[in-house]
Structures are given as C-alpha cells and as structure tokens.
Amino acid sequence: MQTFDSIIIGTGQAGPTLAGRLTAAGQRVAIVERGRFGGTCVNTGCIPTKTMVASAYAARLAARAVEFGVIIDGSVRVDMKRVKARKDAVSAASRKGLEGLLDGMKGCTVFHGHARFESPKMVRVGDELISAPQILLNVGARALESVSGLDRVPYLTNSSMMEVDFLPPHLLIVGGSYIGLEFGQMFRRFGSRVTIVEKGPRLVQREDEDVSLAIQQILENEGIDVQLNSRCISISGREGEIKVHLDCEGGGREAQGTHLLVAAGRRPNTDDLGLDRADVAVDEHGYVQVDDQLRTNVPGIWALGDCNGQGAFTHTSFNDGEIVAANLLDGEARRVSDRILAYALYIDPPLGRVGLTEAEVRKSGRNALMGTRQMTRVGRAVEKGETQGFMKILVDAESKQILGASILGPGGDEAIHSILDLMYAKAPYTVMQRAVHIHPTLSELIPTMLGELKPLS
Ligand SMILES: Cc1cc2nc3c(=O)[nH]c(=O)nc-3n(C[C@H](O)[C@H](O)[C@H](O)COP(=O)(O)OP(=O)(O)OC[C@H]3O[C@@H](n4cnc5c(N)ncnc54)[C@H](O)[C@@H]3O)c2cc1C
C-alpha cells in the first residue's frame, strides 16, 4: 500500500488546482481519475458546448447576413463533422493542458481508475490500495436518466451528444433548463427541428417569470417548439421514431421526433464511491453533506464541486478548491456562504445572473427598488441587430446595496461582472453611477438603469 499526505478523487474543476497548492506546500499527493482529465466541463460540459454554441452563432449570423448588407451567394450549410471536429480540438487542447500539468507536477502521483473507499483513510483503485490522512472528493455529477420508458428507446445525454456528427432531423429534448435550452437552440441553428418538453409551467424555472417568458420568446422566434406543463412525461417508440408523451393519460398530448436528448437534471457520482465504508453522510439525492468549509461529517474528508450540492458550476467547483486550500494551507477560515451566486445561460443572447431574483426579493419582504431596460433601448444591441431581451437590477432601498440582477442580452454574460464586483465590494449602487462606462456598450446603460429605480410595487 502506498501512503500519501492527501488523496484527491476526480480531476474536475477543484482537484487539479488543489493538487498544485498541496504539492507546492510540500505534500505528497495522489490524484485519481477514472475517465478523461478535466471532468465534465472540459469533456462534456462548458467547453465543448460553448464551442458548439459559437458554431451555431456563426450559422445564425450567416443566415441573417443579408440583414447586415452582406450577400452570401449560394446556400449556407452546416457541416456537422466539422462542427464536431472543431469542438473536439478545443476540448482536447484543454484536456491535454491539464494532463501535462498533472503529469509534470512534482510530488503528485496520478492514478488511472475508479476509486472506492475501503475505510475513512484508505481508497482502492483497481488492485492498488492507497491511504492518506486527508481525502478530497471532487467526483462531479452526471445526467439523471430517470424518465419513464427510457429503458426501451435509444436516447442521448450531454455526454453522448458529444459524439453526434450528423444533423438529427427532429431533436426532442426532455428538460427546459440550462442544458436543454443550450443544446436546443444550437441544434435548431444547425438545421434540426427541435421540440423542448418541460414538465413545469415555464422554462428555466429558477429565473423570474419575465426572464423565462423572454427566453421562451427568443427560442420560439427561431422556430423551436416549446411544450410546457408536461407533468407526466413518458417515452415510447424506436430508433428514428420516438414519441414523448406529455400526459400519462392515454390519447393525451405527445411530441414525435427522430432523436431524444434527456436533459432533466443531474445526479452526483457518489453512488459507486463506497462512501458507506467511510461513513460519509449524503442527503436523499446522494449529495455529500458538507459544512460551510466543505468538511464532511468524517474528519479528514472534504467534498468539493458538483458532488456537494453547493453549486453546479465550474466556477463554484474551482472556488471550492480555493476555499479548502486557503483553510488548509493559509490559516484562513473561508466559507462557501461568502460566495455570491453568479452564472450564465449560454443561449443567444446569453443570460447573465447574479444574486437574488425579483421573486426572491419580493418574498424577503424588504424595502427594495428595481430598475429595468429593454434591449431595444440599448444602443449597442440595436447596432448589432440583437435587441431581444432586457436587463433588470434590484437594490436595497435602505443600504443601497445591490441585491441581484439579470442581463438577458448581447454580452450579458460579461456585462454582469461589473455588478458582481460591486456586490463583492459591498459598495452602494451609487458608486456605479459615478463610474464612466465605455460607449457604446451594454454596460454603459447599467448606471442609467440605476438612475431610473422605482420601488417594488
Ligand atoms: C452540458 C453542460 C454544460 C455546462 N456548461 C457550463 C457552463 O457553461 N458554465 C459552468 O460554470 N458550468 C457548466 N456546466 C457545469 C460544469 O460542467 C460542472 O459544474 C463542473 O464541471 C463540475 O466540476 P466538478 O469539479 O464538480 O466535477 P467534474 O468536472 O464532473 O469532474 C469529476 C471527475 O471525477 C471523476 N470521477 C468520478 N467518480 C470517480 C471515482 N469514483 N474515481 C475516480 N474518478 C472519479 C470523473 O471521471 C470526472 O472526471 C455544464 C454542465 C453540462 C453537463
């Protein structure tokens, strides 16, 4: 048996940087990976999907070229093999960079294989046993595949979508949230017919109703069929002829297509980790239970990233690694609760989000002000011919602190950061009204919007 100072399970978004910090501090570290280096983000999540979103954007712009005075003689076609090859190259570059980093990291030993606990301090990887006083879980999550009838039809998940190098004639998507919407819009732009089936009354339900409706409008404007209130979804059919039943009663609504993508949630990779042998507590969905510093109930074991249910993003997983490293090595007491919620939805135009929604602010009952602005009143959006969407910001009327914001518009994923940084600085919104933003940008209208705040009615 080999012994180490720390074992990291998973090379997702927290593990590799953490390995760097621990080895730099003189520790002997083992890092175990059963799949491809980089985990979800690099191989089947953010990086490949955003690369494909870029291809889809190019297709969309080419189709709209004449609106900009650009004439393309002949038809615009999408070559899915090239789209996939481009995506594969971008993803591989990122993966190889990480692989090189870990292989060359002094003090770090890489194990390839599935890790499983034998005891709180000992892990099995294939035939090898390794032990350490500190074990850090960064095992991530995978697609939840729990729709009735899935065992009888072929279907795709975000992982198998990565192998698609052809145009599905009609893509059915179960799940109207971030993953489903990104794939839906991109494949519509590539040329597929697309139907999105959502069990709830609106898309992306954690967002405010006006944001959900604007997103639905954007997708429907491109010809995507959105089926809401599909409370009881089941699947039937066969290869190339798939039916999604939207009500479980016979003869109810149904959608038919050629291919099926299941994007109806995620589940943590904790069911096959032998957590019971280490007595690590999980919740009813399998997420490892952690405290505000990401410690599990077992001393010496931490859980970081998607597997702890404290965030479902690359930046939150990365930040988990920073928190644990700072607390273990720098004598700090950093906490997850110091983090401000921020994320983006990469449809086009993208949605940038930070902090509380309007609904959450209303529910809190606090005295708040809100400003809004349609993209039709943002010069930069008009110039780009991308006037769908709007932005809104909520502030506390007494403290003048920003509570939350949504920017659905061109560059919304970038522009939201000026608001996020002000929130981290705990500065009143009036600071931004003195800032001179660059013209012409979407960001220049944020101070203007702050000058038009109204009480929440
Ligand atoms: C389609 C899609 C698009 C996304 N887009 C975005 C985006 O734009 N922005 C964003 O912030 N987030 C996005 N996400 C979410 C983001 O990918 C995840 O939040 C992030 O990758 C989580 O990282 P992690 O470190 O928790 O784990 P992961 O990146 O999932 O890595 C976990 C690693 O652990 C390994 N592993 C698991 N179990 C074991 C075991 N027992 N033994 C050994 N190894 C094991 C796995 O093979 C994997 O490599 C997207 C996700 C999906 C699915």
# chains A, B, ... in the order shown; residues from 1 in each chain; ligands from 1

call {"tool": "residues_around", "arguments": {"residues": "Pro268 in chain A", "least_positions_apart": "4", "cutoff": "9 Å", "atoms": "only C-alpha atoms", "output": "ChimeraX atom specification"}}
result
/A:139-144,285-288,306-309

call {"tool": "closest_atom_pairs", "arguments": {"of": "chain A", "to": "ligand 1", "cutoff": "7 Å", "atoms": "only C-alpha atoms and all ligand atoms", "output": "tab-separated table"}}
result
residue	atom	partner	partner_atom_place_in_ligand_line	distance
A:Ile9	CA	ligand 1	43 (C)	5.3
A:Gly10	CA	ligand 1	34 (O)	3.3
A:Thr11	CA	ligand 1	33 (C)	4.9
A:Gly12	CA	ligand 1	31 (O)	3.3
A:Gln13	CA	ligand 1	25 (O)	3.7
A:Ala14	CA	ligand 1	25 (O)	5.0
A:Gly15	CA	ligand 1	25 (O)	6.8
A:Val32	CA	ligand 1	43 (C)	5.1
A:Glu33	CA	ligand 1	44 (N)	3.8
A:Arg34	CA	ligand 1	44 (N)	4.1
A:Gly35	CA	ligand 1	47 (O)	4.1
A:Arg36	CA	ligand 1	49 (O)	5.6
A:Phe37	CA	ligand 1	49 (O)	5.7
A:Gly38	CA	ligand 1	49 (O)	5.6
A:Gly39	CA	ligand 1	49 (O)	3.1
A:Thr40	CA	ligand 1	29 (O)	3.9
A:Cys41	CA	ligand 1	17 (O)	3.6
A:Thr44	CA	ligand 1	1 (C)	6.0
A:Gly45	CA	ligand 1	2 (C)	3.5
A:Cys46	CA	ligand 1	5 (N)	3.4
A:Thr49	CA	ligand 1	3 (C)	6.0
A:Lys50	CA	ligand 1	8 (O)	6.6
A:Gly113	CA	ligand 1	43 (C)	5.9
A:His114	CA	ligand 1	42 (N)	3.8
A:Ala115	CA	ligand 1	42 (N)	3.8
A:Arg116	CA	ligand 1	41 (N)	5.7
A:Asn138	CA	ligand 1	25 (O)	5.4
A:Val139	CA	ligand 1	34 (O)	3.5
A:Gly140	CA	ligand 1	27 (O)	3.3
A:Ala141	CA	ligand 1	30 (O)	5.2
A:Asn158	CA	ligand 1	1 (C)	5.1
A:Ile179	CA	ligand 1	1 (C)	5.1
A:Asn269	CA	ligand 1	38 (N)	5.4
A:Asp272	CA	ligand 1	41 (N)	6.3
A:Leu273	CA	ligand 1	41 (N)	5.0
A:Leu304	CA	ligand 1	26 (O)	6.4
A:Gly305	CA	ligand 1	26 (O)	3.3
A:Asp306	CA	ligand 1	26 (O)	3.7
A:Cys307	CA	ligand 1	26 (O)	5.9
A:Ala312	CA	ligand 1	19 (O)	4.1
A:Phe313	CA	ligand 1	19 (O)	3.2
A:Thr314	CA	ligand 1	11 (O)	3.8
A:His315	CA	ligand 1	11 (O)	5.3
A:Ser317	CA	ligand 1	25 (O)	5.0
A:Phe318	CA	ligand 1	25 (O)	6.9
A:Tyr343	CA	ligand 1	11 (O)	6.6
A:Ala344	CA	ligand 1	9 (N)	6.9
A:Tyr346	CA	ligand 1	8 (O)	6.6

call {"tool": "atom_distance", "arguments": {"atom1": "CA of Val324 in chain A", "atom2": "CA of Asn297 in chain A"}}
result
15.3 Å

call {"tool": "closest_residue", "arguments": {"among": "A:Glu398, A:Asp413, A:Glu239, A:Glu198", "to": "Pro428 in chain A", "atoms": "only C-alpha atoms"}}
result
A:Glu398

call {"tool": "select_by_dssp", "arguments": {"residues": "range 72-148 of chain A", "states": "strand (DSSP E or B)", "output": "VMD selection string"}}
result
chain A and resid 108 to 112 115 to 119 122 to 125 128 to 131 134 to 137 141 to 143 148

call {"tool": "write_last_selection", "arguments": {"atoms": "N, CA, C and O atoms", "output": "CSV table (one decimal), in the first residue's frame"}}
result
chain,number,residue,atom,x,y,z
A,108,CYS,N,3.2,14.9,-7.1
A,108,CYS,CA,1.8,14.4,-7.4
A,108,CYS,C,1.9,13.1,-8.2
A,108,CYS,O,2.6,13.0,-9.2
A,109,THR,N,1.2,12.1,-7.7
A,109,THR,CA,1.1,10.8,-8.4
A,109,THR,C,-0.3,10.6,-9.0
A,109,THR,O,-1.3,10.7,-8.2
A,110,VAL,N,-0.3,10.3,-10.3
A,110,VAL,CA,-1.7,10.2,-10.9
A,110,VAL,C,-2.0,8.7,-11.0
A,110,VAL,O,-1.2,7.9,-11.5
A,111,PHE,N,-3.2,8.4,-10.5
A,111,PHE,CA,-3.7,7.0,-10.7
A,111,PHE,C,-4.9,7.0,-11.6
A,111,PHE,O,-5.8,7.8,-11.5
A,112,HIS,N,-4.9,6.1,-12.6
A,112,HIS,CA,-6.0,6.0,-13.5
A,112,HIS,C,-6.9,4.8,-13.1
A,112,HIS,O,-6.4,3.7,-13.0
A,115,ALA,N,-11.9,5.0,-8.1
A,115,ALA,CA,-11.6,5.0,-6.7
A,115,ALA,C,-12.8,4.6,-5.9
A,115,ALA,O,-13.9,5.0,-6.2
A,116,ARG,N,-12.5,3.8,-4.8
A,116,ARG,CA,-13.6,3.4,-3.9
A,116,ARG,C,-13.0,3.4,-2.5
A,116,ARG,O,-11.9,2.8,-2.3
A,117,PHE,N,-13.8,3.9,-1.6
A,117,PHE,CA,-13.3,3.8,-0.2
A,117,PHE,C,-13.2,2.4,0.3
A,117,PHE,O,-14.1,1.6,0.1
A,118,GLU,N,-12.2,2.1,1.1
A,118,GLU,CA,-12.1,0.8,1.8
A,118,GLU,C,-12.4,1.2,3.3
A,118,GLU,O,-12.9,0.3,4.1
A,119,SER,N,-11.9,2.4,3.7
A,119,SER,CA,-12.1,2.8,5.1
A,119,SER,C,-12.0,4.4,5.0
A,119,SER,O,-11.6,4.9,4.0
A,122,MET,N,-8.5,5.0,3.6
A,122,MET,CA,-8.0,4.2,2.6
A,122,MET,C,-8.9,4.0,1.4
A,122,MET,O,-10.1,3.9,1.5
A,123,VAL,N,-8.2,4.1,0.2
A,123,VAL,CA,-9.0,4.0,-1.1
A,123,VAL,C,-8.4,2.9,-1.9
A,123,VAL,O,-7.2,2.8,-2.0
A,124,ARG,N,-9.3,2.2,-2.6
A,124,ARG,CA,-8.8,1.2,-3.6
A,124,ARG,C,-9.0,1.8,-5.0
A,124,ARG,O,-10.0,2.3,-5.4
A,125,VAL,N,-7.9,1.6,-5.8
A,125,VAL,CA,-8.0,1.9,-7.2
A,125,VAL,C,-7.5,0.7,-8.0
A,125,VAL,O,-6.4,0.4,-8.0
A,128,GLU,N,-4.7,-1.6,-6.5
A,128,GLU,CA,-3.9,-0.8,-5.6
A,128,GLU,C,-4.6,-0.2,-4.4
A,128,GLU,O,-5.8,0.2,-4.6
A,129,LEU,N,-4.0,-0.2,-3.3
A,129,LEU,CA,-4.6,0.4,-2.1
A,129,LEU,C,-3.7,1.6,-1.8
A,129,LEU,O,-2.5,1.6,-1.8
A,130,ILE,N,-4.4,2.8,-1.6
A,130,ILE,CA,-3.6,4.0,-1.2
A,130,ILE,C,-4.3,4.6,0.0
A,130,ILE,O,-5.5,4.4,0.2
A,131,SER,N,-3.5,5.2,0.8
A,131,SER,CA,-4.1,5.8,2.0
A,131,SER,C,-3.5,7.2,2.3
A,131,SER,O,-2.4,7.5,1.8
A,134,GLN,N,-5.8,12.8,4.7
A,134,GLN,CA,-6.8,13.8,4.1
A,134,GLN,C,-7.3,13.2,2.7
A,134,GLN,O,-6.4,12.8,1.9
A,135,ILE,N,-8.6,13.2,2.6
A,135,ILE,CA,-9.1,12.7,1.3
A,135,ILE,C,-10.1,13.8,0.8
A,135,ILE,O,-11.0,14.2,1.6
A,136,LEU,N,-9.9,14.2,-0.5
A,136,LEU,CA,-10.7,15.3,-1.0
A,136,LEU,C,-11.5,14.8,-2.2
A,136,LEU,O,-10.9,14.3,-3.2
A,137,LEU,N,-12.8,14.8,-2.1
A,137,LEU,CA,-13.7,14.3,-3.2
A,137,LEU,C,-14.1,15.4,-4.2
A,137,LEU,O,-14.6,16.4,-3.8
A,141,ALA,N,-20.8,15.1,-11.2
A,141,ALA,CA,-22.1,14.6,-11.4
A,141,ALA,C,-22.3,14.1,-12.8
A,141,ALA,O,-21.5,14.3,-13.7
A,142,ARG,N,-23.4,13.5,-13.1
A,142,ARG,CA,-23.7,13.0,-14.4
A,142,ARG,C,-25.2,13.2,-14.7
A,142,ARG,O,-26.0,13.6,-13.8
A,143,ALA,N,-25.6,13.0,-15.9
A,143,ALA,CA,-27.0,13.2,-16.3
A,143,ALA,C,-27.9,12.3,-15.5
A,143,ALA,O,-27.6,11.1,-15.3
A,148,SER,N,-39.7,7.9,-17.5
A,148,SER,CA,-40.4,6.6,-17.7
A,148,SER,C,-40.3,6.2,-19.2
A,148,SER,O,-40.6,7.0,-20.1

call {"tool": "select_by_dssp", "arguments": {"residues": "range 137-282 of chain A", "states": "helix (DSSP H, G or I)", "output": "JSON, numbers by chain"}}
result
{"A": [150, 151, 152, 160, 161, 162, 163, 178, 179, 180, 181, 182, 183, 184, 185, 186, 187, 188, 189, 190, 209, 210, 211, 212, 213, 214, 215, 216, 217, 218, 219, 220, 221, 275, 276, 277, 278]}

call {"tool": "write_last_selection", "arguments": {"atoms": "N, CA, C and O atoms", "output": "compact mmCIF listing (two decimals), in the first residue's frame"}}
result
# COMPACT_ATOMS: atom_id res chain seq x y z
N LEU A 150 -37.49 5.15 -20.69
CA LEU A 150 -36.15 5.33 -21.27
C LEU A 150 -35.44 4.01 -21.54
O LEU A 150 -34.56 3.93 -22.40
N ASP A 151 -35.82 2.99 -20.78
CA ASP A 151 -35.15 1.69 -20.96
C ASP A 151 -35.53 1.05 -22.29
O ASP A 151 -34.90 0.09 -22.72
N ARG A 152 -36.52 1.60 -22.98
CA ARG A 152 -36.98 0.94 -24.21
C ARG A 152 -36.61 1.69 -25.49
O ARG A 152 -36.88 1.21 -26.57
N SER A 160 -23.24 11.74 -24.51
CA SER A 160 -23.28 11.11 -25.84
C SER A 160 -23.54 12.13 -26.94
O SER A 160 -23.19 11.90 -28.11
N MET A 161 -24.10 13.29 -26.60
CA MET A 161 -24.27 14.36 -27.60
C MET A 161 -22.93 14.77 -28.19
O MET A 161 -22.86 15.28 -29.31
N MET A 162 -21.87 14.56 -27.40
CA MET A 162 -20.54 14.97 -27.86
C MET A 162 -20.07 14.16 -29.07
O MET A 162 -19.14 14.55 -29.76
N GLU A 163 -20.70 13.00 -29.29
CA GLU A 163 -20.31 12.16 -30.43
C GLU A 163 -21.17 12.42 -31.66
O GLU A 163 -20.93 11.84 -32.72
N TYR A 178 -31.09 24.86 -18.31
CA TYR A 178 -29.88 25.36 -18.97
C TYR A 178 -29.35 24.43 -20.06
O TYR A 178 -29.10 24.85 -21.18
N ILE A 179 -29.15 23.17 -19.73
CA ILE A 179 -28.53 22.25 -20.69
C ILE A 179 -29.45 22.03 -21.89
O ILE A 179 -29.03 22.10 -23.04
N GLY A 180 -30.73 21.78 -21.62
CA GLY A 180 -31.69 21.54 -22.70
C GLY A 180 -31.81 22.73 -23.64
O GLY A 180 -31.86 22.57 -24.86
N LEU A 181 -31.83 23.93 -23.07
CA LEU A 181 -32.00 25.12 -23.90
C LEU A 181 -30.78 25.41 -24.77
O LEU A 181 -30.89 25.79 -25.93
N GLU A 182 -29.60 25.20 -24.18
CA GLU A 182 -28.38 25.45 -24.98
C GLU A 182 -28.31 24.49 -26.16
O GLU A 182 -28.07 24.89 -27.30
N PHE A 183 -28.52 23.19 -25.88
CA PHE A 183 -28.50 22.23 -26.99
C PHE A 183 -29.64 22.51 -27.97
O PHE A 183 -29.48 22.38 -29.19
N GLY A 184 -30.80 22.87 -27.45
CA GLY A 184 -31.97 23.09 -28.31
C GLY A 184 -31.72 24.20 -29.31
O GLY A 184 -31.92 24.03 -30.52
N GLN A 185 -31.25 25.34 -28.80
CA GLN A 185 -31.04 26.46 -29.73
C GLN A 185 -29.92 26.15 -30.72
O GLN A 185 -30.02 26.46 -31.90
N MET A 186 -28.84 25.50 -30.23
CA MET A 186 -27.74 25.27 -31.17
C MET A 186 -28.16 24.30 -32.28
O MET A 186 -27.88 24.54 -33.46
N PHE A 187 -28.89 23.25 -31.94
CA PHE A 187 -29.27 22.30 -33.00
C PHE A 187 -30.33 22.88 -33.92
O PHE A 187 -30.36 22.58 -35.11
N ARG A 188 -31.17 23.76 -33.41
CA ARG A 188 -32.11 24.46 -34.30
C ARG A 188 -31.31 25.30 -35.30
O ARG A 188 -31.62 25.33 -36.49
N ARG A 189 -30.29 25.96 -34.82
CA ARG A 189 -29.48 26.80 -35.70
C ARG A 189 -28.67 25.96 -36.69
O ARG A 189 -28.37 26.41 -37.79
N PHE A 190 -28.32 24.74 -36.27
CA PHE A 190 -27.62 23.86 -37.22
C PHE A 190 -28.58 23.36 -38.31
O PHE A 190 -28.15 22.92 -39.37
N GLU A 209 -40.27 35.12 -13.74
CA GLU A 209 -41.21 34.78 -14.79
C GLU A 209 -40.96 35.60 -16.07
O GLU A 209 -41.02 35.04 -17.18
N ASP A 210 -40.64 36.89 -15.92
CA ASP A 210 -40.42 37.70 -17.13
C ASP A 210 -39.17 37.24 -17.88
O ASP A 210 -39.12 37.29 -19.12
N VAL A 211 -38.18 36.74 -17.15
CA VAL A 211 -36.97 36.23 -17.80
C VAL A 211 -37.31 34.93 -18.55
O VAL A 211 -36.95 34.76 -19.72
N SER A 212 -38.04 34.05 -17.89
CA SER A 212 -38.46 32.79 -18.53
C SER A 212 -39.25 33.06 -19.81
O SER A 212 -39.02 32.42 -20.84
N LEU A 213 -40.17 34.01 -19.71
CA LEU A 213 -41.02 34.29 -20.88
C LEU A 213 -40.21 34.88 -22.03
O LEU A 213 -40.41 34.53 -23.19
N ALA A 214 -39.27 35.77 -21.69
CA ALA A 214 -38.43 36.37 -22.74
C ALA A 214 -37.58 35.28 -23.42
O ALA A 214 -37.41 35.29 -24.65
N ILE A 215 -37.08 34.35 -22.62
CA ILE A 215 -36.28 33.26 -23.19
C ILE A 215 -37.14 32.38 -24.09
O ILE A 215 -36.73 32.00 -25.20
N GLN A 216 -38.33 32.08 -23.63
CA GLN A 216 -39.23 31.25 -24.45
C GLN A 216 -39.51 31.95 -25.80
O GLN A 216 -39.49 31.33 -26.87
N GLN A 217 -39.73 33.27 -25.72
CA GLN A 217 -39.99 34.04 -26.94
C GLN A 217 -38.81 33.97 -27.91
O GLN A 217 -38.98 33.78 -29.11
N ILE A 218 -37.61 34.11 -27.35
CA ILE A 218 -36.39 34.06 -28.18
C ILE A 218 -36.32 32.71 -28.91
O ILE A 218 -36.04 32.65 -30.11
N LEU A 219 -36.58 31.65 -28.18
CA LEU A 219 -36.48 30.31 -28.78
C LEU A 219 -37.59 30.08 -29.79
O LEU A 219 -37.36 29.53 -30.87
N GLU A 220 -38.80 30.50 -29.43
CA GLU A 220 -39.92 30.31 -30.37
C GLU A 220 -39.73 31.15 -31.64
O GLU A 220 -40.11 30.72 -32.72
N ASN A 221 -39.12 32.32 -31.49
CA ASN A 221 -38.85 33.15 -32.68
C ASN A 221 -37.96 32.44 -33.69
O ASN A 221 -37.95 32.77 -34.86
N LEU A 275 -18.94 5.15 -0.16
CA LEU A 275 -19.00 6.13 0.94
C LEU A 275 -19.43 5.49 2.25
O LEU A 275 -19.06 5.96 3.33
N ASP A 276 -20.21 4.42 2.15
CA ASP A 276 -20.67 3.75 3.38
C ASP A 276 -19.49 3.18 4.17
O ASP A 276 -19.50 3.16 5.39
N ARG A 277 -18.43 2.77 3.46
CA ARG A 277 -17.26 2.22 4.17
C ARG A 277 -16.48 3.28 4.93
O ARG A 277 -15.64 2.96 5.77
N ALA A 278 -16.73 4.53 4.56
CA ALA A 278 -16.05 5.62 5.29
C ALA A 278 -17.04 6.37 6.18
O ALA A 278 -16.65 7.33 6.84

call {"tool": "atom_distance", "arguments": {"atom1": "CA of Val204 in chain A", "atom2": "CA of Ile407 in chain A"}}
result
14.6 Å

call {"tool": "decode", "arguments": {"residues": "range 109-131 of chain A", "atoms": "N, CA, C and O atoms", "output": "tab-separated table (two decimals), in the first residue's frame"}}
result
chain	number	residue	atom	x	y	z
A	109	THR	N	1.19	12.05	-7.71
A	109	THR	CA	1.13	10.76	-8.42
A	109	THR	C	-0.27	10.60	-8.98
A	109	THR	O	-1.26	10.71	-8.24
A	110	VAL	N	-0.34	10.34	-10.29
A	110	VAL	CA	-1.66	10.20	-10.93
A	110	VAL	C	-2.01	8.71	-11.00
A	110	VAL	O	-1.22	7.89	-11.46
A	111	PHE	N	-3.21	8.38	-10.54
A	111	PHE	CA	-3.73	7.00	-10.66
A	111	PHE	C	-4.89	7.01	-11.64
A	111	PHE	O	-5.80	7.84	-11.53
A	112	HIS	N	-4.86	6.09	-12.58
A	112	HIS	CA	-5.96	5.98	-13.54
A	112	HIS	C	-6.85	4.83	-13.10
A	112	HIS	O	-6.38	3.69	-12.99
A	113	GLY	N	-8.09	5.10	-12.83
A	113	GLY	CA	-9.00	4.02	-12.44
A	113	GLY	C	-10.09	4.55	-11.53
A	113	GLY	O	-10.09	5.73	-11.15
A	114	HIS	N	-10.99	3.66	-11.20
A	114	HIS	CA	-12.13	4.02	-10.35
A	114	HIS	C	-11.73	3.91	-8.88
A	114	HIS	O	-11.25	2.87	-8.43
A	115	ALA	N	-11.93	4.98	-8.14
A	115	ALA	CA	-11.57	4.97	-6.71
A	115	ALA	C	-12.78	4.62	-5.86
A	115	ALA	O	-13.89	5.05	-6.15
A	116	ARG	N	-12.54	3.84	-4.85
A	116	ARG	CA	-13.62	3.43	-3.93
A	116	ARG	C	-13.05	3.36	-2.52
A	116	ARG	O	-11.94	2.85	-2.33
A	117	PHE	N	-13.79	3.88	-1.56
A	117	PHE	CA	-13.30	3.83	-0.19
A	117	PHE	C	-13.24	2.39	0.33
A	117	PHE	O	-14.14	1.59	0.07
A	118	GLU	N	-12.18	2.08	1.07
A	118	GLU	CA	-12.11	0.84	1.85
A	118	GLU	C	-12.37	1.16	3.32
A	118	GLU	O	-12.89	0.35	4.06
A	119	SER	N	-11.92	2.36	3.71
A	119	SER	CA	-12.12	2.84	5.08
A	119	SER	C	-11.97	4.37	5.02
A	119	SER	O	-11.64	4.91	3.96
A	120	PRO	N	-12.17	5.07	6.15
A	120	PRO	CA	-12.09	6.55	6.06
A	120	PRO	C	-10.76	7.10	5.59
A	120	PRO	O	-10.68	8.24	5.14
A	121	LYS	N	-9.71	6.29	5.67
A	121	LYS	CA	-8.40	6.82	5.26
A	121	LYS	C	-7.79	6.01	4.11
A	121	LYS	O	-6.64	6.23	3.73
A	122	MET	N	-8.53	5.05	3.60
A	122	MET	CA	-7.95	4.16	2.59
A	122	MET	C	-8.88	4.02	1.38
A	122	MET	O	-10.09	3.87	1.52
A	123	VAL	N	-8.25	4.06	0.21
A	123	VAL	CA	-9.00	4.02	-1.05
A	123	VAL	C	-8.42	2.94	-1.95
A	123	VAL	O	-7.20	2.77	-2.01
A	124	ARG	N	-9.30	2.21	-2.63
A	124	ARG	CA	-8.84	1.20	-3.61
A	124	ARG	C	-8.99	1.76	-5.01
A	124	ARG	O	-10.03	2.33	-5.37
A	125	VAL	N	-7.94	1.61	-5.82
A	125	VAL	CA	-8.01	1.94	-7.25
A	125	VAL	C	-7.54	0.69	-7.98
A	125	VAL	O	-6.35	0.37	-8.00
A	126	GLY	N	-8.48	-0.06	-8.54
A	126	GLY	CA	-8.12	-1.33	-9.17
A	126	GLY	C	-7.49	-2.25	-8.13
A	126	GLY	O	-8.08	-2.51	-7.07
A	127	ASP	N	-6.26	-2.71	-8.40
A	127	ASP	CA	-5.59	-3.62	-7.47
A	127	ASP	C	-4.79	-2.87	-6.40
A	127	ASP	O	-4.21	-3.48	-5.51
A	128	GLU	N	-4.73	-1.56	-6.53
A	128	GLU	CA	-3.87	-0.80	-5.61
A	128	GLU	C	-4.65	-0.23	-4.44
A	128	GLU	O	-5.79	0.20	-4.59
A	129	LEU	N	-3.99	-0.23	-3.29
A	129	LEU	CA	-4.56	0.43	-2.12
A	129	LEU	C	-3.71	1.65	-1.80
A	129	LEU	O	-2.48	1.57	-1.79
A	130	ILE	N	-4.37	2.76	-1.59
A	130	ILE	CA	-3.63	3.96	-1.22
A	130	ILE	C	-4.29	4.56	0.02
A	130	ILE	O	-5.49	4.40	0.22
A	131	SER	N	-3.46	5.20	0.84
A	131	SER	CA	-4.06	5.79	2.04
A	131	SER	C	-3.47	7.17	2.30
A	131	SER	O	-2.36	7.49	1.83
